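The next block is upload-v8.txt, given as compact mmCIF, C-alpha atoms.
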```
# COMPACT_ATOMS: atom_id res chain seq x y z
CA ASP Y 1 36.74 -38.51 -50.66
CA TRP Y 2 34.98 -37.24 -53.78
CA GLN Y 3 31.67 -36.88 -51.95
CA GLY Y 4 33.36 -34.60 -49.44
CA ILE Y 5 34.89 -32.50 -52.21
CA GLU Y 6 31.52 -32.27 -53.95
CA ARG Y 7 29.92 -31.09 -50.70
CA VAL Y 8 32.58 -28.39 -50.27
CA VAL Y 9 32.05 -27.16 -53.84
CA LYS Y 10 28.28 -26.97 -53.39
CA ARG Y 11 28.72 -25.02 -50.15
CA ASN Y 12 31.04 -22.44 -51.84
CA GLY Y 13 34.21 -23.44 -50.02
CA THR Y 14 35.57 -25.12 -46.92
CA ALA Y 15 34.53 -22.33 -44.55
CA GLU Y 16 30.82 -22.74 -45.29
CA ALA Y 17 31.08 -26.53 -45.52
CA THR Y 18 32.69 -26.94 -42.09
CA THR Y 19 31.05 -24.10 -40.14
CA GLU Y 20 27.91 -24.71 -38.14
CA ASN Y 21 24.90 -22.58 -39.11
CA MET Y 22 24.00 -20.28 -36.23
CA SER Y 23 20.50 -19.24 -35.29
CA PRO Y 24 19.20 -15.69 -35.90
CA GLU Y 25 19.09 -15.26 -32.11
CA TRP Y 26 22.77 -16.23 -31.76
CA LEU Y 27 23.76 -13.88 -34.57
CA GLU Y 28 21.77 -11.04 -33.01
CA GLU Y 29 23.73 -11.44 -29.76
CA ASN Y 30 27.19 -12.34 -31.07
CA GLY Y 31 27.39 -11.39 -34.74
CA TYR Y 32 28.69 -8.32 -36.56
CA CYS Y 33 27.17 -6.71 -39.63
CA THR Y 34 29.95 -6.25 -42.18
CA ASP Y 35 27.95 -5.37 -45.29
CA ASN Y 36 26.74 -1.90 -44.30
CA ILE Y 37 29.28 -0.44 -46.73
CA TYR Y 38 30.57 -1.16 -50.23
CA ALA Y 39 33.55 0.19 -52.17
CA LYS Y 40 33.48 2.31 -55.33
CA GLN Y 41 35.26 5.39 -56.70
CA SER Y 42 35.46 8.05 -54.01
CA THR Y 43 33.85 11.47 -54.38
CA ILE Y 44 37.11 12.93 -53.02
CA PRO Y 45 39.59 13.88 -55.78
CA GLN Y 46 42.69 11.64 -55.95
CA ALA Y 47 41.42 9.45 -53.11
CA GLY Y 48 40.90 6.29 -55.18
CA LEU Y 49 38.24 3.99 -53.78
CA GLY Y 50 35.86 5.10 -51.05
CA ALA Y 51 33.34 3.41 -48.76
CA PHE Y 52 29.63 4.07 -49.23
CA ALA Y 53 26.60 3.25 -47.08
CA ARG Y 54 24.50 0.38 -48.38
CA ARG Y 55 21.57 1.33 -46.14
CA ARG Y 56 20.56 4.00 -43.62
CA ILE Y 57 22.77 3.99 -40.52
CA ALA Y 58 21.53 5.79 -37.43
CA LYS Y 59 23.71 8.12 -35.34
CA GLY Y 60 25.71 6.17 -32.77
CA ASN Y 61 25.43 2.83 -34.56
CA VAL Y 62 28.43 0.78 -35.63
CA ILE Y 63 28.93 1.15 -39.38
CA ILE Y 64 31.45 -1.66 -39.62
CA PRO Y 65 33.77 -3.44 -37.16
CA ALA Y 66 37.31 -3.90 -38.50
CA PRO Y 67 39.64 -6.68 -37.33
CA LEU Y 68 43.19 -5.33 -37.18
CA LEU Y 69 46.46 -6.90 -38.26
CA CYS Y 70 49.39 -5.78 -36.09
CA THR Y 71 52.83 -4.74 -37.30
CA TRP Y 72 55.59 -3.97 -34.81
CA GLY Y 73 57.85 -1.10 -35.84
CA ARG Y 74 57.73 1.40 -38.70
CA HIS Y 75 61.02 0.01 -40.03
CA MET Y 76 59.02 -2.97 -41.32
CA PHE Y 77 57.74 -0.76 -44.16
CA GLU Y 78 61.15 0.49 -45.32
CA LEU Y 79 62.07 -0.57 -48.86
CA SER Y 80 65.68 -1.31 -49.74
CA GLY Y 81 67.82 -2.83 -52.47
CA ASP Y 82 65.92 -4.56 -55.26
CA HIS Y 83 62.61 -3.69 -53.60
CA VAL Y 84 62.96 -0.01 -54.52
CA PRO Y 85 61.45 0.59 -58.01
CA ARG Y 86 63.81 1.91 -60.69
CA ASN Y 87 63.74 5.72 -61.14
CA TYR Y 88 61.76 6.00 -57.90
CA SER Y 89 63.32 8.52 -55.55
CA THR Y 90 60.19 10.09 -54.03
CA SER Y 91 59.91 7.67 -51.10
CA THR Y 92 61.35 4.38 -49.89
CA ILE Y 93 58.31 3.57 -47.75
CA ASN Y 94 56.04 0.69 -48.74
CA LEU Y 95 52.61 1.89 -49.91
CA ALA Y 96 50.94 -0.29 -47.25
CA TYR Y 97 52.30 2.12 -44.62
CA ASN Y 98 49.72 4.68 -45.74
CA TYR Y 99 46.92 2.36 -44.61
CA GLN Y 100 48.17 1.78 -41.07
CA TYR Y 101 46.53 3.25 -37.98
CA ALA Y 102 49.00 4.24 -35.28
CA HIS Y 103 49.85 6.73 -32.57
CA PRO Y 104 53.00 8.79 -33.35
CA SER Y 105 54.65 7.58 -30.14
CA SER Y 106 53.68 3.91 -30.49
CA SER Y 107 55.67 1.08 -32.05
CA VAL Y 108 52.57 -0.90 -33.06
CA LEU Y 109 50.66 -0.24 -36.28
CA PHE Y 110 47.19 -1.57 -37.10
CA PHE Y 111 45.89 -2.53 -40.54
CA PRO Y 112 42.10 -2.86 -41.13
CA ALA Y 113 41.51 -6.30 -42.64
CA ASN Y 114 38.18 -5.69 -44.38
CA THR Y 115 36.29 -3.11 -46.48
CA ALA Y 116 36.91 -0.49 -43.79
CA ILE Y 117 40.30 0.06 -45.42
CA THR Y 118 38.50 2.11 -48.11
CA ILE Y 119 37.15 4.68 -45.63
CA ASN Y 120 38.73 8.02 -46.54
CA HIS Y 121 39.66 11.21 -44.70
CA ARG Y 122 37.65 14.36 -44.15
CA SER Y 123 38.96 17.04 -41.81
CA GLN Y 124 36.94 18.20 -38.82
CA ARG Y 125 38.26 21.62 -39.77
CA GLY Y 126 36.03 21.38 -42.85
CA TRP Y 127 38.45 23.07 -45.23
CA LEU Y 128 37.80 20.73 -48.17
CA GLY Y 129 34.03 20.26 -48.03
CA PRO Y 130 31.81 18.24 -45.70
CA LYS Y 131 33.04 17.18 -42.28
CA PRO Y 132 33.46 13.48 -41.45
CA ASN Y 133 30.36 11.47 -40.61
CA ALA Y 134 32.08 8.70 -38.65
CA GLU Y 135 34.67 8.16 -35.92
CA LEU Y 136 36.83 5.34 -34.56
CA ARG Y 137 36.15 3.56 -31.28
CA TRP Y 138 37.66 0.44 -29.78
CA SER Y 139 35.13 -2.39 -29.91
CA ARG Y 140 32.94 -2.64 -26.82
CA THR Y 141 31.68 -6.10 -27.72
CA ASN Y 142 34.78 -7.98 -28.90
CA LYS Y 143 36.06 -9.82 -25.84
CA LYS Y 144 39.66 -10.18 -27.01
CA SER Y 145 39.91 -6.47 -27.76
CA MET Y 146 38.59 -5.57 -24.32
CA TYR Y 147 41.01 -8.05 -22.75
CA TYR Y 148 44.13 -6.73 -24.51
CA LEU Y 149 43.21 -3.11 -23.83
CA GLN Y 150 43.73 -3.94 -20.15
CA ARG Y 151 46.99 -5.83 -20.71
CA PRO Y 152 50.62 -4.72 -21.33
CA LEU Y 153 51.49 -4.18 -24.97
CA GLU Y 154 53.95 -7.08 -24.86
CA ASP Y 155 51.05 -9.49 -24.33
CA LEU Y 156 49.48 -8.39 -27.62
CA LYS Y 157 52.81 -9.00 -29.35
CA GLN Y 158 52.47 -12.72 -28.64
CA GLU Y 159 49.33 -12.93 -30.79
CA HIS Y 160 49.81 -14.00 -34.42
CA TYR Y 161 46.33 -13.26 -35.74
CA ALA Y 162 43.95 -10.31 -36.13
CA THR Y 163 43.11 -9.83 -32.47
CA MET Y 164 42.03 -6.25 -31.89
CA VAL Y 165 38.80 -4.92 -33.38
CA ILE Y 166 37.99 -1.27 -33.95
CA ASP Y 167 34.52 0.06 -34.72
CA PHE Y 168 33.62 2.78 -37.19
CA VAL Y 169 30.71 4.61 -35.55
CA ALA Y 170 28.24 7.03 -37.16
CA LEU Y 171 28.53 10.61 -35.89
CA ARG Y 172 25.13 11.42 -37.39
CA ASP Y 173 22.44 9.70 -39.42
CA ILE Y 174 23.95 8.45 -42.68
CA GLN Y 175 21.82 7.94 -45.79
CA PRO Y 176 22.11 5.13 -48.38
CA GLY Y 177 24.74 5.95 -51.02
CA GLU Y 178 26.53 8.49 -48.80
CA GLU Y 179 30.32 8.21 -48.58
CA ILE Y 180 31.71 7.29 -45.17
CA THR Y 181 34.65 9.38 -43.92
CA ILE Y 182 36.63 9.81 -40.72
CA ASP Y 183 39.14 12.42 -39.58
CA TYR Y 184 42.69 11.00 -39.82
CA GLY Y 185 43.92 13.88 -37.64
CA ASP Y 186 45.40 17.35 -38.17
CA GLU Y 187 48.94 16.03 -38.64
CA TRP Y 188 47.84 13.74 -41.49
CA ASP Y 189 45.69 16.50 -42.98
CA ASP Y 190 48.60 18.97 -43.00
CA ALA Y 191 50.95 16.37 -44.50
CA TRP Y 192 48.46 15.55 -47.28
CA THR Y 193 47.93 19.23 -48.11
CA LYS Y 194 51.71 19.69 -48.32
CA HIS Y 195 52.07 16.57 -50.49
CA VAL Y 196 49.42 17.74 -52.96
CA ALA Y 197 51.09 21.15 -53.23
CA GLU Y 198 54.66 19.87 -53.71
CA PHE Y 199 54.37 16.44 -55.34
CA GLN Y 200 56.16 15.89 -58.64
CA SER Y 201 55.71 12.57 -60.39
CA PRO Y 202 58.97 10.61 -60.84
CA CYS Y 203 57.72 9.81 -64.33
CA SER Y 204 58.33 13.41 -65.37
CA LYS Y 205 62.07 12.97 -64.73
CA SER Y 206 62.44 9.75 -66.69
CA GLU Y 207 62.87 9.34 -70.41
CA GLU Y 208 61.52 5.80 -70.17
CA PRO Y 209 57.92 4.87 -69.29
CA CYS Y 210 57.46 4.42 -65.55
CA PHE Y 211 54.78 1.81 -65.98
CA LYS Y 212 54.45 -1.01 -68.46
CA SER Y 213 51.22 -2.74 -69.33
CA SER Y 214 50.91 -6.37 -68.21
CA LYS Y 215 48.84 -7.17 -71.29
```

Represent the structure of the file as structure tokens.
Amino acid sequence: DWQGIERVVKRNGTAEATTENMSPEWLEENGYCTDNIYAKQSTIPQAGLGAFARRRIAKGNVIIPAPLLCTWGRHMFELSGDHVPRNYSTSTINLAYNYQYAHPSSSVLFFPANTAITINHRSQRGWLGPKPNAELRWSRTNKKSMYYLQRPLEDLKQEHYATMVIDFVALRDIQPGEEITIDYGDEWDDAWTKHVAEFQSPCSKSEEPCFKSSK
């Protein structure tokens, strides 16, 4: 009815209109803080957006928990046919592949489904400036994550929603406005260094503009 629609509009959407308000005590025990960081231009050259601390975060505290979307198999990110952009011969891998977390020997890839996706890389080797101030850790409070970590991988494959949760944890005290970074690993670091040294834009080989304005 129209009264129901009006109530939904006033409550800023169906989620707020149909969700019970929890007490501060319940939130303290069961809730997650997801606004410790915000996204803006990274201080790292060519990194795009980065994640920055909204407030002071003490060493050992969870910066942000990230629910993870699962993809099974790296072949899912292969582009083919009409999906490969014209004059684009550099790679046939979907850009989303660059945002997946995975072990080299595993068939499952995890995609952070919140602002944590903007957290960039800093090497522990410290070659390109400051070392990372955060690390990854499987959630110790999310019950589903703890359950599936004890189960065969095939059980996780039956889930169709963001089931696993990974925490970004402060390695040291982090100050407001400081960029959050983690170490993606030596293999990623070496590959990125090689890419920066050897990359040639496909636009330089084309007589036509590679990009057209949508305006």

#### Entry: Selection near Ala53 (chain Y), 6 Å with all atoms listed in the file, sequence-local residues under 6 positions removed, as a ChimeraX atom specification
/Y:36-37,176-178

### Message
Taking 5 positions as the minimum chain separation for residues in the same chain, which residues sit within 8 Å of region 70-73 of chain Y when counting all atoms listed in the file? Answer as an MDAnalysis selection string.
### Response
chainID Y and resid 107:111 157 162

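What separates CA of Leu69 (chain Y) from CA of Leu153 (chain Y) is a distance of 14.5 Å.
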
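Minimum atom-to-atom distances from Y:Gly50, Y:Pro65, Y:Pro45, Y:Pro24 to Asn142 (chain Y) were compared using all atoms listed in the file, and the lowest value belongs to Y:Pro65.
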
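All residues of protein, DNA or RNA that reach within 12 Å of region 185-188 of chain Y, judged by all atoms listed in the file and not counting those fewer than 4 positions away in the chain, are Y:Asn98, Y:Tyr99, Y:Gln100, Y:Tyr101, Y:Ala102, Y:His103, Y:Pro104, Y:Asn120, Y:His121, Y:Arg122, Y:Ser123, Y:Gln124, Y:Arg125, Y:Gly126, Y:Trp127, Y:Pro132, Y:Glu135, Y:Leu136, Y:Trp192, Y:Thr193, Y:Lys194, Y:His195.
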
### Task
Figure out the distance between CA of Val169 (chain Y) and CA of Gly60 (chain Y), please, to one decimal in Å.
5.9 Å

### Point-to-point distance in Å for CA of Tyr148 (chain Y) and CA of Thr34 (chain Y)
22.7 Å

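Counting all atoms listed in the file, the residue from Y:Ile117, Y:Thr141, Y:Asn133, Y:Ala66 that sits nearest to Glu29 (chain Y) is Y:Thr141.
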
First collect every listed atom of region 160-176 of chain Y; then fit an axis-aligned box around them, widen it by 6 Å on each side, and give centre and edge lengths in Å to one decimal, as AutoDock Vina command-line options.
```
--center_x 35.8 --center_y -1.3 --center_z -40.1 --size_x 40.0 --size_y 37.4 --size_z 28.5
```

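For the choices Y:Ile119, Y:Val165, Y:Ala134, Y:Ala197, the atom-to-atom distance to Gln41 (chain Y) is smallest for Y:Ile119 when using all atoms listed in the file.
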